[in-house]
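In what follows, a single structure is set out as structure tokens and then discussed.
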Amino acid sequence: MTDAPPRIAALVASRSGEADALLAGFAADRRRAGRRIRGLRQEMRDCDNGCQVVLVDLDDGSLYPITQDLGAGSESCALDPGLLAEASVVLRRIAAEGAELAVFNRYSNLEAEGGGFAAEMLDLLSRGIPVLTIVPERRLADWHRFTGGFAVDLPVDRAALDAWFDSLPRTGG
């Protein structure tokens, strides 16, 4: 008997844009094929003072901006935890309704500190729903602590992502 594959994985990214594009394409392709991939993907959008981070609900395309405009001279983090909390409604809906795979835009600074979507990731895993996210290389040690070493680290490579997903037991989600 073989061990079941880990139900949590991360695309380990040195450059986030490449991982975002891979994740978006994977989710779109698998959804078109009838798979129940749900969650949030990330987009960067141009705005007056640079760019804005927007989360996109895979189910209906709803947009959740998660950054605030701090002005052109600001060097502070523009991520707004309150706006992030608004986007968590998508993840709570997945917990209630199920999925074959729950996609999270990132495991990064807030999650490493126990905030962000950390609780939602653990909740979905406890319900048996596999989780996929992107982890910046600089946060890999934090990710390993968070997952207790039970996650799969994937390169930003479609074949590796497809192989991991295809190895998961198929559920009704």
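Scheme for the structure tokens: letters A, B, ... for chains in order shown; per-chain residue numbers from 1; ligand numbers from 1 in order shown.
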Which residues in chain A does DSSP call strand (DSSP E or B)? List them as an MDAnalysis selection string. chainID A and resid 8:13 37:47 50:57 63:65 67 79 101:103 131:136 152:154
Step one, run DSSP on the backbone; step two, keep only residues of stretch 12-127 of chain A assigned to helix (DSSP H, G or I); then write them as number ranges by chain. A: 16-32, 81-97, 109-112, 118-126
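Nearest residue to A:Arg32 among A:Ala96, A:Leu11, A:Pro169, A:Leu58 is A:Leu58, counting only C-alpha atoms.
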For stretch 158-163 of chain A: contacts at 12 Å, only C-alpha atoms, fewer than 5 positions along chain excluded, given as number ranges by chain: A: 5, 8-12, 18-27, 29-30, 132-134, 152-153, 168
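Taking atom CA of A:Arg170 and atom CA of A:Val135 as the two end points, the separation is 24.7 Å.
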Counting only C-alpha atoms, what is within 8 Å of A:Glu43, bar same-chain residues fewer than 4 positions away, as a PyMOL selection string? chain A and resi 20+53-56
Grab the residues selected above and save them as a PDB file, in the first residue's frame with N, CA, C and O atoms.
ATOM      1  N   ASP A  20       1.663  33.273 -10.492  1.00  0.00           N
ATOM      2  CA  ASP A  20       0.263  33.690 -10.609  1.00  0.00           C
ATOM      3  C   ASP A  20      -0.325  33.252 -11.945  1.00  0.00           C
ATOM      4  O   ASP A  20      -1.448  32.757 -12.010  1.00  0.00           O
ATOM      5  N   VAL A  53      -3.195  45.221  -5.704  1.00  0.00           N
ATOM      6  CA  VAL A  53      -3.354  43.776  -5.669  1.00  0.00           C
ATOM      7  C   VAL A  53      -4.845  43.485  -5.526  1.00  0.00           C
ATOM      8  O   VAL A  53      -5.514  44.012  -4.635  1.00  0.00           O
ATOM      9  N   VAL A  54      -5.332  42.631  -6.429  1.00  0.00           N
ATOM     10  CA  VAL A  54      -6.745  42.267  -6.451  1.00  0.00           C
ATOM     11  C   VAL A  54      -6.837  40.746  -6.429  1.00  0.00           C
ATOM     12  O   VAL A  54      -6.126  40.062  -7.163  1.00  0.00           O
ATOM     13  N   LEU A  55      -7.708  40.232  -5.571  1.00  0.00           N
ATOM     14  CA  LEU A  55      -7.993  38.799  -5.563  1.00  0.00           C
ATOM     15  C   LEU A  55      -9.242  38.567  -6.399  1.00  0.00           C
ATOM     16  O   LEU A  55     -10.196  39.341  -6.344  1.00  0.00           O
ATOM     17  N   VAL A  56      -9.217  37.465  -7.168  1.00  0.00           N
ATOM     18  CA  VAL A  56     -10.320  37.130  -8.060  1.00  0.00           C
ATOM     19  C   VAL A  56     -10.907  35.798  -7.620  1.00  0.00           C
ATOM     20  O   VAL A  56     -10.188  34.795  -7.512  1.00  0.00           O
TER      21      VAL A  56
END
Quick one: distance from atom CA of A:Ala112 to atom CA of A:Pro81 in Å, one decimal? 13.8 Å
Just how far from atom CA of A:Ala141 is atom CA of A:Asp80, in Å to one decimal? 24.2 Å
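Of the listed residues A:Asp157, A:Arg92, A:Ala85, A:Asp60, the one whose atoms come nearest to A:Gly115 is A:Ala85, with distances taken using only C-alpha atoms.
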